[in-house]
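J.: Structure file coords00.cif, mmCIF, C-alpha atoms, is pasted below:
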```cif
data_structure
#
loop_
_atom_site.label_atom_id
_atom_site.label_comp_id
_atom_site.auth_asym_id
_atom_site.auth_seq_id
_atom_site.Cartn_x
_atom_site.Cartn_y
_atom_site.Cartn_z
CA MET A 14 4.11 -22.05 -6.05
CA ASP A 15 4.24 -21.60 -9.82
CA ILE A 16 3.74 -17.86 -10.10
CA ARG A 17 3.73 -17.69 -13.88
CA ALA A 18 0.99 -20.30 -14.22
CA GLY A 19 -0.95 -18.77 -11.34
CA LEU A 20 -0.80 -15.35 -12.87
CA SER A 21 -2.30 -16.48 -16.16
CA SER A 22 -5.03 -18.48 -14.44
CA GLY A 23 -6.02 -15.43 -12.38
CA SER A 24 -4.88 -16.77 -9.00
CA LYS A 25 -4.91 -14.09 -6.34
CA ARG A 26 -2.39 -16.06 -4.33
CA ALA A 27 0.12 -15.90 -7.20
CA ALA A 28 -0.43 -12.18 -7.79
CA ALA A 29 -0.11 -11.52 -4.07
CA ARG A 30 3.14 -13.46 -3.83
CA LEU A 31 4.56 -11.68 -6.86
CA ILE A 32 3.85 -8.32 -5.23
CA THR A 33 5.65 -9.47 -2.07
CA MET A 34 8.63 -10.48 -4.17
CA ILE A 35 8.67 -7.08 -5.84
CA GLU A 36 8.54 -5.40 -2.44
CA ASN A 37 11.58 -7.41 -1.47
CA SER A 38 13.41 -6.58 -4.74
CA SER A 39 13.54 -10.17 -5.95
CA LYS A 40 15.31 -10.69 -9.27
CA GLU A 41 12.85 -13.42 -10.23
CA ALA A 42 9.96 -10.98 -9.82
CA ILE A 43 11.64 -8.50 -12.13
CA GLN A 44 12.11 -11.30 -14.65
CA ILE A 45 8.40 -12.19 -14.53
CA ILE A 46 7.46 -8.53 -15.03
CA LYS A 47 9.81 -8.29 -17.99
CA GLU A 48 8.19 -11.32 -19.61
CA ASN A 49 4.69 -9.94 -19.16
CA TYR A 50 5.27 -6.24 -19.58
CA HIS A 51 3.56 -6.20 -22.98
CA MET A 52 0.30 -7.08 -21.21
CA THR A 53 0.27 -3.92 -19.14
CA GLY A 54 -1.30 -0.58 -19.95
CA ARG A 55 -4.87 -1.77 -20.13
CA ALA A 56 -6.02 -0.78 -16.65
CA ARG A 57 -7.24 2.64 -15.63
CA ILE A 58 -5.12 3.97 -12.80
CA ILE A 59 -6.80 6.33 -10.40
CA GLY A 60 -4.79 7.93 -7.63
CA ILE A 61 -6.54 8.90 -4.43
CA THR A 62 -4.73 11.32 -2.20
CA GLY A 63 -5.41 13.90 0.48
CA PRO A 64 -4.56 14.74 4.08
CA PRO A 65 -4.73 12.16 6.91
CA GLY A 66 -8.28 11.50 8.01
CA ALA A 67 -9.87 13.08 4.92
CA GLY A 68 -11.64 9.80 4.19
CA LYS A 69 -9.50 8.42 1.35
CA SER A 70 -10.15 4.78 2.28
CA THR A 71 -13.90 5.33 2.63
CA VAL A 72 -14.02 7.15 -0.72
CA THR A 73 -12.00 4.33 -2.30
CA ASP A 74 -14.36 1.75 -0.83
CA LYS A 75 -17.43 3.50 -2.21
CA LEU A 76 -15.92 4.14 -5.65
CA ALA A 77 -14.80 0.52 -5.86
CA LYS A 78 -18.32 -0.69 -5.08
CA LEU A 79 -19.71 1.55 -7.81
CA VAL A 80 -17.22 0.21 -10.33
CA ARG A 81 -18.15 -3.35 -9.34
CA LYS A 82 -21.79 -2.59 -10.19
CA LYS A 83 -20.62 -1.87 -13.72
CA ASP A 84 -19.14 -5.35 -13.72
CA LYS A 85 -15.53 -4.21 -13.90
CA LYS A 86 -12.77 -5.74 -11.80
CA VAL A 87 -11.09 -3.53 -9.21
CA ALA A 88 -7.68 -3.63 -7.58
CA ILE A 89 -6.82 -1.38 -4.67
CA ILE A 90 -3.31 -0.58 -3.52
CA ALA A 91 -3.40 1.21 -0.17
CA VAL A 92 -0.21 2.72 1.19
CA ASP A 93 0.38 3.60 4.84
CA PRO A 94 3.54 4.94 6.44
CA THR A 95 6.41 2.76 7.64
CA SER A 96 8.07 3.67 10.93
CA PRO A 97 11.42 5.33 10.30
CA PHE A 98 12.67 3.79 13.55
CA SER A 99 11.56 0.17 13.60
CA GLY A 100 10.80 -0.36 9.93
CA GLY A 101 7.42 -1.71 11.00
CA ALA A 102 4.02 -0.37 10.03
CA ILE A 103 0.35 -0.53 10.87
CA LEU A 104 -1.55 -0.85 7.61
CA GLY A 105 -5.13 -0.02 8.42
CA ASP A 106 -6.82 0.91 5.18
CA ARG A 107 -8.64 -2.42 4.89
CA ILE A 108 -10.76 -1.51 7.92
CA ARG A 109 -12.91 0.70 5.70
CA MET A 110 -13.10 -1.87 2.94
CA SER A 111 -14.24 -4.97 4.81
CA ASP A 112 -17.18 -5.86 2.57
CA LEU A 113 -14.94 -5.80 -0.50
CA SER A 114 -12.67 -8.52 0.94
CA THR A 115 -14.73 -11.44 -0.25
CA ASP A 116 -15.75 -10.02 -3.63
CA GLU A 117 -14.19 -12.21 -6.31
CA GLY A 118 -13.59 -9.22 -8.57
CA VAL A 119 -11.69 -7.19 -5.99
CA PHE A 120 -8.08 -7.41 -4.90
CA ILE A 121 -6.85 -5.23 -2.04
CA ARG A 122 -3.21 -4.94 -1.12
CA SER A 123 -1.79 -2.85 1.73
CA MET A 124 1.76 -1.57 1.52
CA GLY A 125 4.13 0.25 3.84
CA THR A 126 6.10 3.16 2.42
CA ARG A 127 9.39 1.48 3.46
CA GLY A 128 11.32 4.71 3.47
CA ALA A 129 9.91 6.33 0.33
CA LEU A 130 8.98 9.96 0.86
CA GLY A 131 6.59 10.81 -1.96
CA GLY A 132 3.44 9.36 -0.41
CA LEU A 133 3.81 5.95 -2.07
CA SER A 134 6.03 2.91 -1.76
CA LYS A 135 8.79 2.11 -4.24
CA ALA A 136 7.08 -1.17 -5.07
CA VAL A 137 3.82 0.52 -6.11
CA HIS A 138 4.96 0.68 -9.74
CA GLY A 139 5.49 -3.06 -9.76
CA ALA A 140 2.28 -3.80 -7.88
CA ILE A 141 0.30 -1.80 -10.43
CA LYS A 142 1.85 -3.84 -13.22
CA VAL A 143 0.94 -7.10 -11.50
CA MET A 144 -2.69 -6.02 -11.06
CA ASP A 145 -2.78 -4.80 -14.65
CA MET A 146 -1.42 -8.15 -15.93
CA ALA A 147 -3.91 -9.97 -13.73
CA GLY A 148 -6.70 -8.27 -15.64
CA TYR A 149 -8.08 -5.70 -13.22
CA ASP A 150 -9.90 -2.95 -15.11
CA TYR A 151 -9.56 -0.23 -12.51
CA ILE A 152 -6.63 0.17 -10.16
CA PHE A 153 -7.14 2.56 -7.27
CA VAL A 154 -3.93 3.68 -5.61
CA GLU A 155 -4.48 5.26 -2.23
CA THR A 156 -1.54 7.28 -0.94
CA VAL A 157 -0.53 7.83 2.65
CA GLY A 158 -2.14 10.85 4.28
CA VAL A 159 -0.25 13.65 2.59
CA GLY A 160 0.94 17.02 3.75
CA GLN A 161 2.05 19.53 1.19
CA SER A 162 4.52 17.93 -1.13
CA GLU A 163 3.99 14.18 -1.42
CA ILE A 164 3.12 14.25 -5.08
CA ASP A 165 4.51 10.97 -6.44
CA ILE A 166 0.96 9.84 -7.21
CA VAL A 167 0.87 12.21 -10.18
CA LYS A 168 3.70 10.20 -11.73
CA ILE A 169 1.66 7.00 -11.91
CA ALA A 170 -2.05 7.85 -12.07
CA ASP A 171 -4.16 8.67 -15.13
CA THR A 172 -6.44 10.66 -12.87
CA VAL A 173 -5.59 12.11 -9.46
CA LEU A 174 -8.51 12.48 -7.08
CA MET A 175 -7.77 14.90 -4.26
CA VAL A 176 -9.93 14.26 -1.20
CA MET A 177 -10.22 17.32 1.02
CA VAL A 178 -12.18 18.01 4.20
CA PRO A 179 -13.44 21.23 5.78
CA GLY A 180 -11.51 22.93 8.51
CA LEU A 181 -7.88 22.28 7.66
CA GLY A 182 -6.68 25.84 7.45
CA ASP A 183 -7.14 29.23 5.88
CA ASP A 184 -7.21 30.05 2.19
CA ILE A 185 -3.47 30.54 1.93
CA GLN A 186 -3.15 26.74 2.20
CA ALA A 187 -4.99 26.43 -1.10
CA ILE A 188 -2.67 28.71 -3.03
CA LYS A 189 0.59 27.17 -1.90
CA ALA A 190 2.52 25.22 -4.48
CA GLY A 191 2.62 21.44 -4.33
CA ILE A 192 -0.12 19.03 -3.49
CA MET A 193 -3.05 21.26 -4.46
CA GLU A 194 -1.70 21.60 -7.99
CA ILE A 195 -1.90 17.92 -8.86
CA GLY A 196 -5.64 17.30 -8.44
CA ASP A 197 -7.56 16.40 -11.60
CA VAL A 198 -10.77 16.02 -9.62
CA PHE A 199 -11.43 17.44 -6.17
CA ALA A 200 -13.80 15.99 -3.58
CA VAL A 201 -14.77 17.85 -0.45
CA ASN A 202 -15.65 14.96 1.84
CA LYS A 203 -17.67 15.19 5.08
CA SER A 204 -19.45 18.07 3.40
CA ASP A 205 -22.20 18.02 6.01
CA ARG A 206 -19.68 19.60 8.35
CA GLU A 207 -19.32 23.26 9.03
CA GLY A 208 -17.04 25.07 6.62
CA ALA A 209 -17.56 22.69 3.69
CA GLU A 210 -18.88 25.41 1.39
CA ARG A 211 -15.93 27.59 2.24
CA THR A 212 -13.46 24.79 1.52
CA ALA A 213 -15.10 24.17 -1.86
CA THR A 214 -15.03 27.90 -2.65
CA GLU A 215 -11.36 28.17 -1.74
CA ILE A 216 -10.52 25.32 -4.09
CA GLU A 217 -12.58 26.99 -6.84
CA VAL A 218 -10.77 30.29 -6.29
CA MET A 219 -7.44 28.51 -6.49
CA LEU A 220 -8.56 26.93 -9.78
CA ASP A 221 -9.74 30.33 -11.08
CA LEU A 222 -6.24 31.65 -10.59
CA SER A 223 -4.50 28.66 -12.11
CA GLY A 224 -5.58 29.75 -15.60
CA MET A 225 -6.47 26.27 -16.80
CA THR A 226 -8.71 26.77 -19.80
CA GLU A 227 -8.86 23.49 -21.64
CA TYR A 228 -9.83 21.40 -18.64
CA ARG A 229 -10.91 22.67 -15.27
CA PRO A 230 -10.83 20.18 -12.37
CA PRO A 231 -14.33 19.86 -10.94
CA VAL A 232 -14.98 20.19 -7.21
CA LYS A 233 -17.56 17.75 -5.83
CA ASN A 234 -19.20 17.82 -2.42
CA ILE A 235 -19.56 14.35 -1.02
CA ILE A 236 -20.33 12.47 2.20
CA ALA A 237 -18.54 9.21 1.52
CA ARG A 238 -19.71 7.48 4.71
CA ASP A 239 -23.33 7.81 3.56
CA ASN A 240 -22.53 7.19 -0.11
CA ILE A 241 -23.68 10.71 -1.02
CA GLY A 242 -22.21 12.26 -4.15
CA ILE A 243 -20.20 9.18 -5.12
CA GLU A 244 -21.86 8.68 -8.53
CA GLU A 245 -21.28 12.31 -9.47
CA LEU A 246 -17.69 11.95 -8.31
CA PHE A 247 -17.17 8.85 -10.40
CA ASP A 248 -18.69 10.60 -13.44
CA ALA A 249 -16.20 13.42 -12.95
CA ILE A 250 -13.34 10.91 -12.88
CA GLU A 251 -14.63 9.30 -16.08
CA LYS A 252 -14.96 12.69 -17.76
CA HIS A 253 -11.40 13.56 -16.86
CA TYR A 254 -10.23 10.32 -18.44
CA GLU A 255 -12.18 11.05 -21.61
CA TYR A 256 -10.65 14.49 -21.77
CA MET A 257 -7.15 13.08 -21.24
CA ASN A 258 -7.72 10.48 -23.90
CA HIS A 259 -9.11 12.85 -26.56
CA SER A 260 -6.69 15.68 -25.92
CA GLY A 261 -3.69 13.40 -26.21
CA ASN A 262 -2.68 14.29 -22.67
CA LEU A 263 -3.03 10.70 -21.52
CA SER A 264 -0.23 9.49 -23.73
CA LYS A 265 1.83 12.53 -22.74
CA ARG A 266 1.28 11.76 -19.05
CA ARG A 267 2.10 8.09 -19.52
CA GLU A 268 5.20 9.01 -21.50
CA LYS A 269 6.34 11.24 -18.66
CA ALA A 270 5.59 8.43 -16.20
CA VAL A 271 7.71 5.94 -18.12
CA GLU A 272 10.55 8.44 -18.38
CA MET A 273 10.53 8.99 -14.63
CA GLU A 274 10.31 5.29 -13.95
CA VAL A 275 13.26 4.44 -16.17
CA LEU A 276 15.37 7.18 -14.59
CA GLU A 277 14.34 6.02 -11.14
CA ILE A 278 15.38 2.44 -11.88
CA PHE A 279 18.65 3.70 -13.34
CA LYS A 280 19.32 5.74 -10.20
CA GLU A 281 18.62 2.71 -8.01
CA ASP A 282 20.88 0.59 -10.16
CA LEU A 283 23.70 3.10 -9.96
CA LEU A 284 23.34 3.35 -6.21
CA GLY A 285 23.34 -0.43 -6.00
CA ARG A 286 26.59 -0.58 -7.95
CA ILE A 287 28.24 1.94 -5.67
CA MET A 288 27.07 0.01 -2.62
CA LYS A 289 28.40 -3.21 -4.09
CA LEU A 290 31.72 -1.52 -4.71
CA GLN A 291 31.58 -0.24 -1.16
CA LYS A 292 31.34 -3.79 0.14
CA SER A 293 34.69 -4.71 -1.34
CA THR A 294 36.43 -1.46 -0.53
CA ASP A 295 36.32 1.36 1.94
CA TYR A 296 36.21 4.24 -0.54
CA LEU A 297 32.96 5.63 0.76
CA SER A 298 33.99 5.63 4.43
CA ALA A 299 37.32 7.20 3.54
CA LEU A 300 35.55 9.90 1.53
CA ILE A 301 33.08 10.58 4.33
CA LEU A 302 35.94 11.01 6.75
CA LYS A 303 37.64 13.42 4.39
CA VAL A 304 34.47 15.51 4.10
CA LEU A 305 34.05 15.53 7.87
CA ASN A 306 37.65 16.70 8.34
CA LYS A 307 37.07 19.40 5.71
CA GLU A 308 39.85 17.96 3.57
CA THR A 309 37.31 17.88 0.78
CA ASP A 310 33.65 18.81 0.22
CA PRO A 311 30.54 16.72 -0.56
CA TYR A 312 30.47 17.80 -4.23
CA SER A 313 34.05 16.73 -4.90
CA ALA A 314 33.52 13.54 -2.91
CA ALA A 315 30.55 12.62 -5.09
CA SER A 316 32.46 13.21 -8.33
CA GLU A 317 35.35 11.19 -7.00
CA LEU A 318 32.90 8.38 -6.22
CA SER A 319 31.57 8.24 -9.78
CA HIS A 320 35.16 8.40 -11.04
CA ILE A 321 36.11 5.46 -8.84
CA LEU A 322 33.02 3.56 -9.96
CA SER A 323 33.85 3.79 -13.66
CA GLN A 324 37.49 2.96 -12.97
CA GLU A 325 36.71 -0.07 -10.81
CA GLU A 326 34.03 -1.40 -13.14
CA GLY A 327 36.32 -0.86 -16.09
CA ARG A 328 38.97 -2.94 -14.36
CA VAL A 329 36.49 -5.76 -13.68
CA ASN A 330 35.37 -5.74 -17.31
CA ASP A 331 38.92 -5.89 -18.68
CA MET B 11 15.95 -12.35 6.76
CA ASN B 12 16.08 -8.77 5.63
CA ARG B 13 12.44 -8.27 4.76
CA PRO B 14 9.71 -7.23 7.17
CA ILE B 15 7.46 -10.03 8.41
CA ARG B 16 3.85 -9.37 7.39
CA VAL B 17 1.16 -10.17 9.93
CA LEU B 18 -2.61 -9.94 9.61
CA VAL B 19 -4.19 -9.01 12.93
CA ALA B 20 -7.84 -9.95 12.85
CA LYS B 21 -10.86 -9.95 15.10
CA PRO B 22 -13.20 -12.73 14.05
CA GLY B 23 -16.78 -12.81 15.23
CA LEU B 24 -18.98 -10.42 17.06
CA ASP B 25 -17.12 -9.13 20.09
CA GLY B 26 -16.21 -5.47 19.84
CA HIS B 27 -13.16 -5.42 22.07
CA ASP B 28 -9.96 -4.80 20.19
CA ARG B 29 -7.79 -3.07 22.74
CA GLY B 30 -5.72 -6.23 23.16
CA ALA B 31 -5.39 -6.71 19.42
CA LYS B 32 -4.27 -3.11 19.02
CA VAL B 33 -1.66 -3.39 21.78
CA VAL B 34 -0.25 -6.51 20.14
CA ALA B 35 -0.36 -4.84 16.69
CA ARG B 36 1.55 -1.86 18.03
CA ALA B 37 4.19 -4.11 19.63
CA MET B 38 4.59 -5.98 16.34
CA ARG B 39 5.03 -2.67 14.53
CA ASP B 40 7.74 -1.70 16.99
CA ALA B 41 9.41 -5.04 16.34
CA GLY B 42 9.69 -4.08 12.65
CA MET B 43 6.72 -6.04 11.33
CA GLU B 44 4.18 -4.85 8.78
CA VAL B 45 0.84 -5.30 10.48
CA ILE B 46 -2.35 -5.32 8.48
CA TYR B 47 -5.24 -4.62 10.79
CA THR B 48 -8.64 -5.64 9.47
CA GLY B 49 -10.90 -4.06 12.05
CA LEU B 50 -13.70 -5.57 14.08
CA ARG B 51 -16.33 -8.22 13.37
CA GLN B 52 -14.68 -10.07 10.53
CA THR B 53 -16.05 -13.29 9.12
CA PRO B 54 -13.65 -16.22 8.66
CA GLU B 55 -14.07 -15.78 4.89
CA GLN B 56 -12.97 -12.13 5.09
CA ILE B 57 -9.95 -13.02 7.21
CA ALA B 58 -8.85 -15.87 4.94
CA GLU B 59 -9.26 -13.77 1.81
CA ALA B 60 -7.34 -10.84 3.34
CA ALA B 61 -4.54 -13.20 4.40
CA ILE B 62 -4.16 -14.41 0.80
CA GLN B 63 -4.35 -10.99 -0.85
CA GLU B 64 -1.93 -9.47 1.63
CA ASP B 65 0.38 -12.50 1.32
CA VAL B 66 1.09 -12.49 5.05
CA ASP B 67 3.50 -14.73 6.91
CA CYS B 68 1.24 -14.95 9.91
CA VAL B 69 -2.42 -14.52 10.85
CA SER B 70 -2.90 -13.48 14.44
CA MET B 71 -6.49 -13.62 15.69
CA SER B 72 -7.96 -12.28 18.88
CA ILE B 73 -11.26 -13.36 20.28
CA LEU B 74 -13.02 -12.58 23.54
CA SER B 75 -16.53 -13.79 22.81
CA GLY B 76 -16.11 -17.50 23.48
CA ALA B 77 -16.66 -18.51 19.86
CA HIS B 78 -13.02 -19.52 19.32
CA ASN B 79 -13.74 -23.26 18.99
CA HIS B 80 -15.97 -22.50 16.04
CA LEU B 81 -14.19 -19.56 14.38
CA PHE B 82 -10.47 -20.35 14.71
CA PRO B 83 -10.61 -23.78 13.01
CA LYS B 84 -12.82 -22.37 10.28
CA VAL B 85 -10.24 -19.68 9.44
CA VAL B 86 -7.50 -22.35 9.33
CA ARG B 87 -9.56 -24.49 6.98
CA LEU B 88 -10.40 -21.61 4.62
CA ILE B 89 -6.80 -20.39 4.46
CA LYS B 90 -5.62 -23.92 3.60
CA GLU B 91 -8.33 -24.21 0.93
CA LYS B 92 -7.02 -21.05 -0.68
CA GLY B 93 -3.50 -22.45 -0.79
CA GLY B 94 -2.10 -20.67 2.25
CA ASP B 95 -0.40 -23.72 3.76
CA ASP B 96 2.71 -21.74 4.54
CA ILE B 97 0.88 -19.17 6.68
CA LEU B 98 1.45 -19.43 10.44
CA ILE B 99 -1.84 -19.05 12.32
CA ILE B 100 -1.96 -18.07 15.97
CA GLY B 101 -4.68 -16.96 18.35
CA GLY B 102 -5.19 -15.09 21.55
CA GLY B 103 -7.80 -13.75 23.92
CA VAL B 104 -9.97 -15.20 26.63
CA ILE B 105 -9.57 -18.89 25.92
CA PRO B 106 -10.02 -21.61 28.58
CA GLU B 107 -7.02 -23.84 29.17
CA GLU B 108 -9.00 -26.97 28.26
CA ASP B 109 -9.82 -25.66 24.77
CA ILE B 110 -6.20 -25.12 23.78
CA PRO B 111 -5.26 -28.72 22.81
CA GLY B 112 -8.25 -28.94 20.47
CA LEU B 113 -7.41 -25.63 18.82
CA LYS B 114 -3.81 -26.71 18.31
CA GLU B 115 -5.03 -29.92 16.77
CA ALA B 116 -7.14 -27.85 14.39
CA GLY B 117 -4.04 -26.05 13.15
CA ILE B 118 -3.63 -23.04 15.43
CA ALA B 119 0.11 -23.05 16.10
CA GLU B 120 -0.11 -21.39 19.50
CA ILE B 121 -2.63 -19.72 21.80
CA PHE B 122 -1.63 -16.69 23.85
CA THR B 123 -3.89 -16.02 26.81
CA PRO B 124 -4.22 -12.77 28.79
CA GLY B 125 -1.04 -11.70 30.56
CA THR B 126 1.31 -12.98 27.85
CA PRO B 127 4.06 -10.38 27.33
CA THR B 128 3.96 -9.11 23.75
CA ALA B 129 7.63 -10.05 23.37
CA VAL B 130 6.72 -13.73 23.81
CA THR B 131 4.22 -13.56 20.95
CA ILE B 132 6.65 -11.69 18.74
CA ASP B 133 9.45 -14.18 19.41
CA PHE B 134 7.11 -17.02 18.60
CA ILE B 135 6.20 -15.48 15.25
CA THR B 136 9.79 -14.69 14.35
CA GLN B 137 10.88 -18.24 15.11
CA ASN B 138 7.98 -20.08 13.56
CA ILE B 139 7.06 -18.42 10.29
CA LYS B 140 7.35 -20.90 7.50
CA ARG B 141 9.07 -18.91 4.76
CA ASN B 142 12.30 -17.01 4.70
#
```
Show me this structure written as structure tokens.
T.:
Amino acid sequence: MDIRAGLSSGSKRAAARLITMIENSSKEAIQIIKENYHMTGRARIIGITGPPGAGKSTVTDKLAKLVRKKDKKVAIIAVDPTSPFSGGAILGDRIRMSDLSTDEGVFIRSMGTRGALGGLSKAVHGAIKVMDMAGYDYIFVETVGVGQSEIDIVKIADTVLMVMVPGLGDDIQAIKAGIMEIGDVFAVNKSDREGAERTATEIEVMLDLSGMTEYRPPVKNIIARDNIGIEELFDAIEKHYEYMNHSGNLSKRREKAVEMEVLEIFKEDLLGRIMKLQKSTDYLSALILKVLNKETDPYSAASELSHILSQEEGRVND
Amino acid sequence: MNRPIRVLVAKPGLDGHDRGAKVVARAMRDAGMEVIYTGLRQTPEQIAEAAIQEDVDCVSMSILSGAHNHLFPKVVRLIKEKGGDDILIIGGGVIPEEDIPGLKEAGIAEIFTPGTPTAVTIDFITQNIKRN
């Protein structure tokens, strides 16, 4: 399959294969991204996060349908957890998006976290770029069901939509640090259920205390299953984008995102080099043994490792 | 191969019984596969499109309604039309012995009838997927 040609002719098969290659850290995929990187940055990236069972997939489905009515193309990246034991996963977000499957202007891709802990998968960055290059106007990124600190979505999305539901705990949950701080727009889903008003009030109180003056995240009551409140929610997302754009915060956020991405890639690269070194030598195992026997400590072992790395690589380069 | 095999588990047609499909999906998960489950009552078009977008190695369909002779070949045809020649397509469910040769002729690589241990299905997938 000629991925480059497919990508420019809008083939879903080509885009899908490229994402698979990125997931499997293929060098060719990285090369293709490099060649086309200048084409990225056009899509709007909306992160959708919230606790398990809050209705993220249903909300995504309804928002995507609304965007389609405006004749914009939509890509959805839906992440579900990978088993830490088998490495397998059940990716079930498509269940709520069945009618979107056959829409020409929609591309849905499910991903396993494959060991990443921030609520996304490592390959999400790359997948977003592929969808962006392929000309999708809106990219919805749905995280795994989050707990309190899976906040990686804030590093990639222009707007973070936090989907909450009534009945998850008392008001102290809303003032803890972490996940509740990253919402740009809040939705209280299943708001026909008991306690919905209270949940919305608790979020409002949290926002009162946060002292945000320039922009205050709105809290919208919705019932995604019945498509109630979705238009208002989408308007709120659009308004946030306008605010970000005019205030200059969008470029600041994207700058921050690029910084984190570059550092992340660098970290991976460094780790890869150490692992490659490890293949030819037994430095790491020897160091581990030393730490275990209390002959040294983890801090010294790590500095010794970077020392060995520069020495060994220097020798190779000579 | 050091990447997870991706499998689409799909329920074509109108029967609402997916216990079998879920048991198989769970076993695949435990065997280290990434299983995309589409949910009930999928049309062949939806299944084919999902298989392409998810870039799966294998599509595994379950059917208990008796419509397999119509639906299975249609999924195979649509997937091929969309360029998915390298996708392994298998089926399972309540399927009479005499229908199996015809389904295989239509491009279903194997049919797993009730009572098949999940390990047999998983082995078949592992050994027969067409890409590495």
J.: With a distance threshold of 7 Å and counting all atoms listed in the file, extract the residues of chain A near chain B and express them as a list in words.
T.: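 That gives Lys25, Arg26, Ala29, Arg30, Thr33, Asn37, Ser99, Gly100, Gly101, Ala102, Ile103, Leu104, Gly105, Arg107, Ile108, Ser114, Thr115, Phe120, Ile121, Arg122 and Ser123 of chain A for chain A.
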J.: Could you save the residues just selected, with C-alpha atoms, as an mmCIF file, in the frame of the given file?
T.:
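Everything below was put into selection_2.cif:
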```
data_model
loop_
_atom_site.group_PDB
_atom_site.id
_atom_site.type_symbol
_atom_site.label_atom_id
_atom_site.label_comp_id
_atom_site.auth_asym_id
_atom_site.auth_seq_id
_atom_site.Cartn_x
_atom_site.Cartn_y
_atom_site.Cartn_z
ATOM 1 C CA LYS A 25 -4.910 -14.090 -6.340
ATOM 2 C CA ARG A 26 -2.390 -16.060 -4.330
ATOM 3 C CA ALA A 29 -0.110 -11.520 -4.070
ATOM 4 C CA ARG A 30 3.140 -13.460 -3.830
ATOM 5 C CA THR A 33 5.650 -9.470 -2.070
ATOM 6 C CA ASN A 37 11.580 -7.410 -1.470
ATOM 7 C CA SER A 99 11.560 0.170 13.600
ATOM 8 C CA GLY A 100 10.800 -0.360 9.930
ATOM 9 C CA GLY A 101 7.420 -1.710 11.000
ATOM 10 C CA ALA A 102 4.020 -0.370 10.030
ATOM 11 C CA ILE A 103 0.350 -0.530 10.870
ATOM 12 C CA LEU A 104 -1.550 -0.850 7.610
ATOM 13 C CA GLY A 105 -5.130 -0.020 8.420
ATOM 14 C CA ARG A 107 -8.640 -2.420 4.890
ATOM 15 C CA ILE A 108 -10.760 -1.510 7.920
ATOM 16 C CA SER A 114 -12.670 -8.520 0.940
ATOM 17 C CA THR A 115 -14.730 -11.440 -0.250
ATOM 18 C CA PHE A 120 -8.080 -7.410 -4.900
ATOM 19 C CA ILE A 121 -6.850 -5.230 -2.040
ATOM 20 C CA ARG A 122 -3.210 -4.940 -1.120
ATOM 21 C CA SER A 123 -1.790 -2.850 1.730
#
```
J.: Adding 3 Å on each side of the box along x, y and z that holds all listed atoms of stretch 31-48 of chain B, could you give its centre and edge lengths in Å to one decimal, as lines of an AutoDock Vina configuration file?
T.:
```
center_x = 0.5
center_y = -4.2
center_z = 15.1
size_x = 24.3
size_y = 11.0
size_z = 19.3
```
J.: For this structure, which residues satisfy the selection - the PyMOL selection byres ((chain B and resi 103) around 10) - when it is evaluated on the file as given? I want them as a ChimeraX atom specification.
T.: /B:28,30-31,71-76,78,101-102,104-106,121-126
J.: So what do you get for atom CA of A:Ile152 versus atom CA of A:Glu217, distance-wise?
T.: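 According to the coordinates, atom CA of A:Ile152 and atom CA of A:Glu217 are separated by 27.7 Å.
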J.: Work out how far atom CA of A:Gly118 is from atom CA of A:Leu76, in Å to one decimal.
T.: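 Computing the Euclidean distance for atom CA of A:Leu76 and atom CA of A:Gly118 yields 13.9 Å.
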J.: Quick one, how far is atom CA of A:Leu263 from atom CA of A:Lys83?
T.: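 Those two atoms sit 23.0 Å apart.
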J.: Restricting the calculation to all atoms listed in the file: of B:Cys68, B:Leu98, B:Ala77, B:Ala116, which residue gets closest to B:Asp25?
T.: B:Ala77
J.: Which protein, DNA or RNA residues are at most 10 Å from (4.9, -17.4, 19.1) in the file's coordinates when you count only C-alpha atoms, listed as a list in words?
T.: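 Here the neighbourhood of the point contains Ser70, Leu98, Ile99, Ile100, Gly101, Ala119, Glu120, Ile121, Phe122, Thr128, Ala129, Val130, Thr131, Ile132, Asp133, Phe134, Ile135, Thr136, Gln137, Asn138 and Ile139 of chain B.
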J.: List the spatial neighbours of stretch 266-270 of chain A as a PyMOL selection string - criterion: any atom at most 12 Å away, all atoms listed in the file, same-chain residues fewer than 5 positions off excluded.
T.: chain A and resi 54+57-58+138+165-173+254+257-258+260-261+275-277
J.: Write out as a PyMOL selection string each polymer residue whose atoms come within 12 Å of A:Glu48, counting only C-alpha atoms; drop sequence neighbours fewer than 2 positions from it.
T.: chain A and resi 17+20+41-46+50-53+142-143+146
